$ cat my_file05.tsv   # TSV, C-alpha atoms
chain	number	residue	atom	x	y	z
A	1	MET	CA	138.73	95.82	142.77
A	2	ASN	CA	137.53	98.74	140.62
A	3	THR	CA	140.58	100.63	139.34
A	4	GLU	CA	138.84	102.82	136.79
A	5	LEU	CA	139.89	106.45	137.13
A	6	SER	CA	137.37	108.08	139.50
A	7	ALA	CA	137.16	111.80	140.25
A	8	THR	CA	138.75	111.15	143.65
A	9	VAL	CA	141.66	109.21	142.16
A	10	LYS	CA	142.14	111.78	139.41
A	11	ALA	CA	142.34	114.52	142.06
A	12	GLU	CA	145.03	112.51	143.83
A	13	LEU	CA	146.96	112.10	140.58
A	14	LEU	CA	146.68	115.82	139.84
A	15	SER	CA	147.90	116.67	143.33
A	16	ILE	CA	151.05	114.63	142.56
A	17	GLY	CA	151.28	115.83	138.98
A	18	SER	CA	154.07	113.51	137.89
A	19	VAL	CA	154.95	109.87	137.29
A	20	ARG	CA	157.91	107.51	136.94
A	21	ILE	CA	157.51	105.37	133.85
A	22	ASP	CA	159.28	102.48	132.20
A	23	PRO	CA	160.92	103.95	129.06
A	24	ALA	CA	159.79	100.84	127.17
A	25	LEU	CA	156.23	102.17	127.44
A	26	LEU	CA	157.23	105.37	125.67
A	27	PRO	CA	157.57	105.18	121.92
A	28	VAL	CA	158.44	108.62	120.58
A	29	GLN	CA	154.89	109.43	119.53
A	30	LEU	CA	153.59	108.99	123.09
A	31	LYS	CA	155.83	111.70	124.51
A	32	SER	CA	154.40	115.19	124.70
A	33	LEU	CA	156.54	118.28	125.21
A	34	ALA	CA	154.57	121.34	126.28
A	35	THR	CA	155.55	124.62	124.60
A	36	ALA	CA	153.28	127.09	126.37
A	37	GLY	CA	152.51	128.22	129.89
A	38	PRO	CA	153.80	126.92	133.22
A	39	GLY	CA	154.41	123.40	131.88
A	40	ALA	CA	156.57	124.46	128.93
A	41	GLY	CA	159.58	122.31	128.20
A	42	VAL	CA	158.40	119.33	130.26
A	43	SER	CA	157.79	115.82	128.88
A	44	SER	CA	154.55	114.16	129.89
A	45	ILE	CA	152.14	111.31	129.25
A	46	PHE	CA	148.38	111.19	128.89
A	47	PHE	CA	146.72	108.38	130.81
A	48	ARG	CA	143.10	107.43	130.15
A	49	SER	CA	140.81	105.17	132.12
A	50	GLY	CA	137.07	104.99	131.52
A	51	GLU	CA	135.79	108.45	130.62
A	52	ARG	CA	138.60	110.35	132.33
A	53	ARG	CA	142.05	111.50	131.24
A	54	VAL	CA	145.00	112.88	133.16
A	55	ARG	CA	148.30	114.40	132.04
A	56	LEU	CA	151.33	113.61	134.20
A	57	THR	CA	154.85	114.96	133.77
A	58	ILE	CA	157.66	112.41	133.67
A	59	ASN	CA	159.79	112.66	136.81
A	60	GLU	CA	162.06	109.95	138.17
A	61	LEU	CA	161.50	111.24	141.72
A	62	SER	CA	157.72	110.92	141.56
A	63	PRO	CA	155.95	108.76	144.17
A	64	LEU	CA	153.75	107.45	141.36
A	65	ARG	CA	154.81	104.65	139.00
A	66	ALA	CA	153.40	103.60	135.63
A	67	VAL	CA	154.04	100.00	134.56
A	68	ALA	CA	152.63	97.53	132.06
A	69	LYS	CA	150.49	94.74	133.49
A	70	ASP	CA	148.13	92.29	131.78
A	71	GLY	CA	148.00	94.33	128.60
A	72	LYS	CA	147.17	97.56	130.44
A	73	VAL	CA	149.09	100.43	131.98
A	74	VAL	CA	148.65	100.61	135.74
A	75	LEU	CA	149.44	103.50	138.07
A	76	ILE	CA	150.94	102.45	141.39
A	77	LYS	CA	151.40	104.50	144.55
A	78	GLY	CA	153.36	102.70	147.24
A	79	ASP	CA	152.21	99.10	146.96
A	80	ASN	CA	148.74	99.90	145.67
A	81	VAL	CA	147.39	99.96	142.12
A	82	ILE	CA	145.22	103.07	142.07
A	83	ALA	CA	144.23	103.16	138.40
A	84	ARG	CA	144.29	100.89	135.37
A	85	GLY	CA	144.01	102.15	131.80
A	86	MET	CA	146.02	103.08	128.72
A	87	LEU	CA	148.39	105.69	127.38
A	88	GLU	CA	146.87	108.00	124.80
A	89	HIS	CA	148.53	109.26	121.66
A	90	PRO	CA	148.90	113.06	121.62
A	91	LEU	CA	148.45	114.54	118.13
A	92	CYS	CA	149.85	118.02	118.76
A	93	HIS	CA	150.35	118.58	122.51
A	94	CYS	CA	147.29	116.55	123.54
A	95	PRO	CA	145.03	113.74	122.27
A	96	GLU	CA	142.33	114.45	119.66
A	97	GLN	CA	143.48	118.02	119.02
A	98	ALA	CA	146.02	119.98	117.06
A	99	TYR	CA	146.83	122.24	120.01
A	100	ILE	CA	149.57	124.51	118.65
A	101	THR	CA	151.60	127.32	120.19
A	102	LEU	CA	152.31	129.99	117.57
A	103	SER	CA	154.93	132.00	119.51
A	104	GLU	CA	157.02	130.01	121.97
A	105	LYS	CA	158.46	133.18	123.48
A	106	CYS	CA	157.02	136.06	125.47
A	107	VAL	CA	158.01	139.64	126.29
A	108	TYR	CA	156.02	139.50	129.54
A	109	ASP	CA	157.61	138.15	132.71
A	110	CYS	CA	154.95	136.22	134.60
A	111	LYS	CA	156.87	134.65	137.47
A	112	PHE	CA	155.28	131.18	137.27
A	113	CYS	CA	155.91	130.78	133.52
A	114	PRO	CA	159.20	129.50	132.07
A	115	VAL	CA	158.48	130.66	128.51
A	116	PRO	CA	160.25	134.07	128.86
A	117	LYS	CA	163.36	132.17	130.01
A	118	MET	CA	163.36	129.78	127.04
A	119	GLU	CA	164.68	130.25	123.51
A	120	GLY	CA	161.44	129.27	121.85
A	121	GLY	CA	160.68	129.72	118.17
A	122	ILE	CA	157.84	131.24	116.19
A	123	LYS	CA	155.84	128.98	113.87
A	124	ASP	CA	154.97	130.39	110.49
A	125	SER	CA	151.69	129.54	108.77
A	126	LYS	CA	153.31	126.80	106.67
A	127	LYS	CA	154.46	124.94	109.77
A	128	VAL	CA	151.07	125.33	111.44
A	129	HIS	CA	149.32	123.99	108.33
A	130	ARG	CA	151.72	121.04	108.16
A	131	MET	CA	151.12	120.17	111.83
A	132	VAL	CA	147.34	120.33	111.41
A	133	ALA	CA	147.49	118.28	108.22
A	134	GLU	CA	149.53	115.57	109.95
A	135	ALA	CA	147.06	115.46	112.85
A	136	TYR	CA	144.10	115.38	110.45
A	137	ALA	CA	145.62	112.47	108.53
A	138	THR	CA	145.39	110.26	111.64
A	139	GLY	CA	141.58	110.35	111.51
A	140	GLU	CA	141.54	111.22	115.22
A	141	LEU	CA	141.40	115.02	115.02
A	142	LYS	CA	138.36	116.59	116.69
A	143	ALA	CA	139.47	120.22	117.07
A	144	ILE	CA	142.12	122.80	116.27
A	145	SER	CA	143.33	124.87	119.22
A	146	LEU	CA	145.79	127.73	118.93
A	147	THR	CA	147.60	129.56	121.69
A	148	SER	CA	150.53	131.94	121.79
A	149	GLY	CA	152.99	133.85	123.87
A	150	VAL	CA	153.63	137.49	123.05
A	151	ALA	CA	156.76	137.67	120.92
A	152	VAL	CA	156.48	141.40	120.14
A	153	SER	CA	153.08	142.77	121.16
A	154	PRO	CA	149.54	141.52	121.81
A	155	GLU	CA	148.35	143.31	118.69
A	156	LYS	CA	150.80	141.48	116.44
A	157	GLU	CA	149.86	138.12	118.01
A	158	VAL	CA	146.16	138.76	117.44
A	159	GLN	CA	146.87	139.67	113.81
A	160	ARG	CA	148.86	136.46	113.25
A	161	MET	CA	146.18	134.42	115.01
A	162	GLU	CA	143.43	136.03	112.94
A	163	ASP	CA	145.21	135.28	109.66
A	164	ILE	CA	145.92	131.65	110.55
A	165	VAL	CA	142.37	131.01	111.80
A	166	LYS	CA	140.97	132.30	108.51
A	167	GLN	CA	143.27	130.02	106.54
A	168	LEU	CA	142.47	126.95	108.64
A	169	LYS	CA	138.71	127.51	108.50
A	170	ARG	CA	138.89	127.53	104.71
A	171	GLU	CA	140.56	124.11	104.76
A	172	TYR	CA	138.99	122.23	107.68
A	173	ASP	CA	135.43	121.82	108.87
A	174	LEU	CA	136.51	121.62	112.51
A	175	PRO	CA	135.97	123.80	115.57
A	176	VAL	CA	138.83	126.24	116.18
A	177	GLY	CA	139.58	127.61	119.65
A	178	VAL	CA	142.08	130.36	120.40
A	179	SER	CA	143.91	131.65	123.47
A	180	VAL	CA	145.80	134.96	123.40
A	181	TYR	CA	146.41	137.99	125.57
A	182	PRO	CA	143.46	140.24	124.71
A	183	THR	CA	143.46	143.50	122.81
A	184	LYS	CA	140.64	146.02	122.42
A	185	HIS	CA	139.15	144.30	119.37
A	186	SER	CA	140.57	140.77	119.67
A	187	SER	CA	137.25	139.06	120.39
A	188	GLU	CA	135.49	140.75	117.48
A	189	ARG	CA	138.34	140.00	115.07
A	190	LEU	CA	138.92	136.39	116.08
A	191	TYR	CA	135.22	135.57	116.06
A	192	ALA	CA	134.89	137.09	112.58
A	193	ALA	CA	137.90	135.04	111.46
A	194	GLY	CA	136.06	131.82	112.34
A	195	ALA	CA	137.11	130.90	115.87
A	196	CYS	CA	134.26	129.33	117.85
A	197	GLU	CA	135.78	129.58	121.34
A	198	ILE	CA	138.22	131.87	123.10
A	199	LYS	CA	140.30	131.78	126.27
A	200	TYR	CA	141.80	134.81	128.03
A	201	ASN	CA	143.65	133.78	131.18
A	202	VAL	CA	143.19	135.65	134.45
A	203	GLU	CA	145.92	133.43	135.99
A	204	THR	CA	144.84	134.44	139.51
A	205	MET	CA	141.91	136.41	140.89
A	206	ASP	CA	143.86	137.63	143.91
A	207	PRO	CA	144.80	141.23	142.91
A	208	GLU	CA	147.85	141.35	145.17
A	209	ILE	CA	149.20	138.04	143.87
A	210	PHE	CA	148.44	139.11	140.29
A	211	ARG	CA	150.48	142.31	140.68
A	212	ARG	CA	153.37	140.29	142.06
A	213	VAL	CA	153.40	137.38	139.60
A	214	CYS	CA	152.15	139.15	136.44
A	215	PRO	CA	153.75	142.59	136.83
A	216	ASP	CA	153.44	143.51	133.15
A	217	LEU	CA	149.76	142.60	132.73
A	218	SER	CA	146.39	144.00	133.77
A	219	LEU	CA	143.81	141.82	135.50
A	220	GLN	CA	141.09	144.37	134.78
A	221	ILE	CA	141.83	144.32	131.05
A	222	VAL	CA	141.51	140.53	131.05
A	223	LEU	CA	138.23	140.63	133.00
A	224	ASP	CA	136.75	143.30	130.74
A	225	SER	CA	137.87	141.35	127.67
A	226	LEU	CA	136.30	138.14	128.95
A	227	GLU	CA	132.99	139.90	129.48
A	228	ASN	CA	133.19	141.39	125.99
A	229	ALA	CA	134.10	137.99	124.52
A	230	VAL	CA	130.82	136.49	125.73
A	231	ASP	CA	128.97	139.09	123.64
A	232	TYR	CA	130.62	137.66	120.52
A	233	PHE	CA	131.18	133.97	121.25
A	234	GLY	CA	128.24	133.33	123.57
A	235	ARG	CA	127.87	131.29	126.74
A	236	ASN	CA	129.89	128.08	127.11
A	237	ARG	CA	132.38	129.40	124.53
A	238	VAL	CA	134.56	131.64	126.73
A	239	SER	CA	136.97	130.28	129.35
A	240	SER	CA	139.89	131.35	131.51
A	241	ASN	CA	142.75	129.57	133.27
A	242	PHE	CA	142.70	130.21	137.03
A	243	ILE	CA	145.89	128.94	138.65
A	244	ILE	CA	145.69	127.18	142.01
A	245	GLY	CA	148.86	127.06	144.09
A	246	LEU	CA	150.18	130.64	144.10
A	247	GLY	CA	149.25	131.25	147.74
A	248	GLU	CA	145.63	132.28	147.20
A	249	SER	CA	143.03	131.46	149.86
A	250	ASP	CA	139.98	129.29	149.17
A	251	GLU	CA	137.77	132.28	149.91
A	252	THR	CA	139.61	134.32	147.28
A	253	VAL	CA	139.12	131.47	144.83
A	254	ARG	CA	135.41	131.28	145.64
A	255	LYS	CA	134.96	135.03	145.12
A	256	GLY	CA	136.97	134.90	141.92
A	257	LEU	CA	134.95	132.01	140.55
A	258	LYS	CA	131.77	133.95	141.22
A	259	GLN	CA	133.12	137.01	139.43
A	260	LEU	CA	133.92	134.93	136.39
A	261	THR	CA	130.77	132.81	136.28
A	262	ASP	CA	128.66	135.94	136.84
A	263	ARG	CA	130.21	137.13	133.56
A	264	TYR	CA	129.24	133.75	131.98
A	265	VAL	CA	132.90	132.73	131.73
A	266	ILE	CA	133.95	129.14	132.48
A	267	PRO	CA	136.96	129.13	134.83
A	268	ILE	CA	139.54	126.35	134.51
A	269	LEU	CA	141.11	125.56	137.88
A	270	ARG	CA	144.71	124.75	136.99
A	271	PRO	CA	146.93	123.12	139.64
A	272	ILE	CA	150.47	124.37	139.23
A	273	SER	CA	153.89	122.89	139.92
A	274	PRO	CA	157.16	124.83	140.24
A	275	HIS	CA	159.28	124.86	137.09
A	276	PRO	CA	163.09	124.54	137.39
A	277	LEU	CA	163.58	127.78	135.43
A	278	ARG	CA	161.38	129.64	137.94
A	279	LYS	CA	162.36	127.99	141.21
A	280	ASP	CA	163.89	131.19	142.63
A	281	ALA	CA	161.23	133.56	141.31
A	282	ILE	CA	158.11	132.38	143.12
A	283	SER	CA	156.80	130.15	145.89
A	284	ILE	CA	154.41	127.53	144.56
A	285	HIS	CA	152.35	125.00	146.50
A	286	ARG	CA	150.79	122.18	144.49
A	287	PRO	CA	147.18	121.88	145.72
A	288	SER	CA	146.11	118.76	147.59
A	289	ALA	CA	143.55	116.30	146.26
A	290	ASN	CA	141.03	117.41	148.89
A	291	ARG	CA	141.45	121.05	147.89
A	292	LEU	CA	141.01	120.27	144.21
A	293	LEU	CA	137.84	118.28	144.92
A	294	LYS	CA	136.47	121.00	147.20
A	295	LEU	CA	137.14	123.87	144.78
A	296	GLY	CA	135.99	121.77	141.83
A	297	GLY	CA	132.69	121.19	143.61
A	298	VAL	CA	132.31	124.93	144.28
A	299	LEU	CA	132.98	125.67	140.62
A	300	LYS	CA	130.45	123.09	139.44
A	301	GLU	CA	127.74	124.61	141.65
A	302	MET	CA	128.47	128.09	140.31
A	303	LEU	CA	128.43	126.91	136.70
A	304	ASP	CA	125.13	125.15	137.30
A	305	CYS	CA	123.66	128.32	138.83
A	306	GLN	CA	124.43	130.20	135.61
A	307	SER	CA	123.36	127.31	133.35
A	308	LEU	CA	126.91	126.99	132.08
A	309	CYS	CA	128.26	123.57	131.06
A	310	ALA	CA	131.93	122.78	130.52
A	311	GLU	CA	130.94	119.61	128.64
A	312	LYS	CA	129.62	121.74	125.78
A	313	SER	CA	133.08	123.13	125.03
A	314	GLN	CA	134.58	121.89	121.78
A	315	THR	CA	138.24	122.94	121.98
A	316	MET	CA	141.29	123.60	124.14
A	317	CYS	CA	141.58	122.63	127.81
A	318	LEU	CA	137.89	122.01	128.46
A	319	LEU	CA	137.84	119.36	125.73
A	320	CYS	CA	141.12	117.76	126.81
A	321	THR	CA	140.66	117.84	130.64
A	322	GLY	CA	144.09	116.26	131.17
A	323	CYS	CA	145.54	118.94	133.44
A	324	ASP	CA	142.46	119.77	135.49
A	325	LEU	CA	139.53	118.40	137.45
A	326	THR	CA	136.82	119.56	135.07
A	327	PRO	CA	133.16	119.98	136.12
A	328	HIS	CA	130.60	118.10	134.00
A	329	ARG	CA	133.37	115.87	132.60
A	330	ASP	CA	135.17	114.70	135.77
A	331	LEU	CA	132.75	115.88	138.48

$ encode --input "my_file05.tsv" --output "structure tokens"
Amino acid sequence: MNTELSATVKAELLSIGSVRIDPALLPVQLKSLATAGPGAGVSSIFFRSGERRVRLTINELSPLRAVAKDGKVVLIKGDNVIARGMLEHPLCHCPEQAYITLSEKCVYDCKFCPVPKMEGGIKDSKKVHRMVAEAYATGELKAISLTSGVAVSPEKEVQRMEDIVKQLKREYDLPVGVSVYPTKHSSERLYAAGACEIKYNVETMDPEIFRRVCPDLSLQIVLDSLENAVDYFGRNRVSSNFIIGLGESDETVRKGLKQLTDRYVIPILRPISPHPLRKDAISIHRPSANRLLKLGGVLKEMLDCQSLCAEKSQTMCLLCTGCDLTPHRDL
């Protein structure tokens, strides 16, 4: 029986999003604690089989089990082995990358995100350099990816990001990707600093849902900034997280994907799970495997129509692919 991780099986795993795992399989270095976005504060594993990778949060109530068998790690649902592979070693947040959150706090109150409810810290440049150096010393580092909440203001975050990117580019001959909330000149400044890719997150393309779940932000500013970013970074170098599971319709998703790909932006369809710190703030519905496959197929067609290719991305989520069903890598 072929138990390599197929696109269909990965979609099923993503629809579940979690796993029970024997603690004996988890040496400290295989645990990953997210510090940014909807998954902040949650321990997880990275499972790889064949050419595909999936990130699963650790949850003792999950219907999925991970156990050791014949020198491999197998994923079991019910009585069936659905995938056979290995656990991957995250360097900083994910395998093969130093993916670092500069500010683990945020003044904005997006209802799906636990970060504003957490007492996160702010990494200074010395800590960032130490983390990158440790990841580089493994010989496995392929990219540096930097993201951030908004501790004081978007302008101050862009300034910190710009300074750190400049420093890192002087020391490492590696691609650097950045993700921030945009400002008027953020794309110009971060590109000049040496970043090769940028991500501004729309979160949702349903305007009504956006107003409700991101009350402090502007969808239009993000869209305008994404379009401007392509002028600096070029095609296949600008992306945006597009959350699935906030109550949006498939038709809204389709229209939103077209808006983004028409701007030569690569959308990242991100299935979301409710976080304990936000359980009373928002209603979240984890998308089914069939929905992820359907919408992933729609996205792939739209990318192909614009001659965009997610496989060309060198940093951040499009390189990792653990949290998403990614066209040209998984589909």

$ atom_distance --input "my_file05.tsv" --atom1 "atom CA of Ser148 of chain A" --atom2 "atom CA of Asp163 of chain A"
13.7 Å

$ closest_residue --input "my_file05.tsv" --among "A:Ser273, A:Thr261, A:Ser288, A:Ser283" --to "Lys300 of chain A" --atoms "all atoms listed in the file"
A:Thr261

$ closest_residue --input "my_file05.tsv" --among "A:Phe112, A:Tyr264, A:Tyr172, A:Tyr181" --to "Pro276 of chain A" --atoms "only C-alpha atoms"
A:Phe112

$ closest_residue --input "my_file05.tsv" --among "A:Ala192, A:Ser313, A:Ser307, A:Lys169" --to "Val238 of chain A" --atoms "all atoms listed in the file"
A:Ser313

$ atom_distance --input "my_file05.tsv" --atom1 "atom CA of Glu208 of chain A" --atom2 "atom CA of Glu248 of chain A"
9.6 Å

$ residues_around --input "my_file05.tsv" --residues "Ile282 of chain A" --least-positions-apart "3" --cutoff "10 Å" --atoms "all atoms listed in the file" --output "PDB file with C-alpha atoms, keeping the file's coordinate frame"
ATOM      1  CA  CYS A 110     154.950 136.220 134.600  1.00  0.00           C
ATOM      2  CA  LYS A 111     156.870 134.650 137.470  1.00  0.00           C
ATOM      3  CA  PHE A 112     155.280 131.180 137.270  1.00  0.00           C
ATOM      4  CA  CYS A 113     155.910 130.780 133.520  1.00  0.00           C
ATOM      5  CA  ARG A 212     153.370 140.290 142.060  1.00  0.00           C
ATOM      6  CA  VAL A 213     153.400 137.380 139.600  1.00  0.00           C
ATOM      7  CA  LEU A 246     150.180 130.640 144.100  1.00  0.00           C
ATOM      8  CA  PRO A 274     157.160 124.830 140.240  1.00  0.00           C
ATOM      9  CA  HIS A 275     159.280 124.860 137.090  1.00  0.00           C
ATOM     10  CA  ARG A 278     161.380 129.640 137.940  1.00  0.00           C
ATOM     11  CA  LYS A 279     162.360 127.990 141.210  1.00  0.00           C
ATOM     12  CA  HIS A 285     152.350 125.000 146.500  1.00  0.00           C
TER      13      HIS A 285
END

$ closest_residue --input "my_file05.tsv" --among "A:Ala7, A:Pro215, A:Leu319, A:Leu293" --to "Val176 of chain A" --atoms "only C-alpha atoms"
A:Leu319

$ closest_residue --input "my_file05.tsv" --among "A:Lys255, A:Lys199, A:Lys10, A:Lys105" --to "Glu51 of chain A" --atoms "all atoms listed in the file"
A:Lys10

$ closest_residue --input "my_file05.tsv" --among "A:Glu140, A:Glu188, A:Asp262, A:Glu12" --to "Leu223 of chain A" --atoms "all atoms listed in the file"
A:Asp262

$ atom_distance --input "my_file05.tsv" --atom1 "atom CA of Gly234 of chain A" --atom2 "atom CA of Ile221 of chain A"
19.0 Å

$ residues_around --input "my_file05.tsv" --residues "Glu4 of chain A" --least-positions-apart "6" --cutoff "8 Å" --atoms "only C-alpha atoms" --output "MDAnalysis selection string"
chainID A and resid 49:50 83:85

$ residues_around --input "my_file05.tsv" --residues "Val253 of chain A" --least-positions-apart "5" --cutoff "8 Å" --atoms "only C-alpha atoms" --output "PyMOL selection string"
chain A and resi 205-206+248+295

$ write_last_selection --input "my_file05.tsv" --atoms "C-alpha atoms" --output "short mmCIF file (atom, residue, chain, number, x, y, z; two decimals), keeping the file's coordinate frame"
data_model
loop_
_atom_site.label_atom_id
_atom_site.label_comp_id
_atom_site.auth_asym_id
_atom_site.auth_seq_id
_atom_site.Cartn_x
_atom_site.Cartn_y
_atom_site.Cartn_z
CA MET A 205 141.91 136.41 140.89
CA ASP A 206 143.86 137.63 143.91
CA GLU A 248 145.63 132.28 147.20
CA LEU A 295 137.14 123.87 144.78
#

$ residues_around --input "my_file05.tsv" --residues "Ala135 of chain A" --least-positions-apart "3" --cutoff "9 Å" --atoms "only C-alpha atoms" --output "MDAnalysis selection string"
chainID A and resid 91:92 96:98 130:132 138:141

$ residues_around --input "my_file05.tsv" --residues "Glu88 of chain A" --least-positions-apart "2" --cutoff "12 Å" --atoms "only C-alpha atoms" --output "number ranges by chain"
A: 25-27, 29-32, 44-49, 52-56, 72-73, 85-86, 90-91, 93-96, 140, 320, 322

$ residues_near_point --input "my_file05.tsv" --point "(150.2, 108.4, 137.7)" --cutoff "8 Å" --atoms "only C-alpha atoms" --output "VMD selection string"
chain A and resid 13 16 to 20 47 56 64 to 66 75 to 77 83

$ write_last_selection --input "my_file05.tsv" --atoms "C-alpha atoms" --output "PDB file, in the coordinates of the input"
ATOM      1  CA  LEU A  13     146.960 112.100 140.580  1.00  0.00           C
ATOM      2  CA  ILE A  16     151.050 114.630 142.560  1.00  0.00           C
ATOM      3  CA  GLY A  17     151.280 115.830 138.980  1.00  0.00           C
ATOM      4  CA  SER A  18     154.070 113.510 137.890  1.00  0.00           C
ATOM      5  CA  VAL A  19     154.950 109.870 137.290  1.00  0.00           C
ATOM      6  CA  ARG A  20     157.910 107.510 136.940  1.00  0.00           C
ATOM      7  CA  PHE A  47     146.720 108.380 130.810  1.00  0.00           C
ATOM      8  CA  LEU A  56     151.330 113.610 134.200  1.00  0.00           C
ATOM      9  CA  LEU A  64     153.750 107.450 141.360  1.00  0.00           C
ATOM     10  CA  ARG A  65     154.810 104.650 139.000  1.00  0.00           C
ATOM     11  CA  ALA A  66     153.400 103.600 135.630  1.00  0.00           C
ATOM     12  CA  LEU A  75     149.440 103.500 138.070  1.00  0.00           C
ATOM     13  CA  ILE A  76     150.940 102.450 141.390  1.00  0.00           C
ATOM     14  CA  LYS A  77     151.400 104.500 144.550  1.00  0.00           C
ATOM     15  CA  ALA A  83     144.230 103.160 138.400  1.00  0.00           C
TER      16      ALA A  83
END
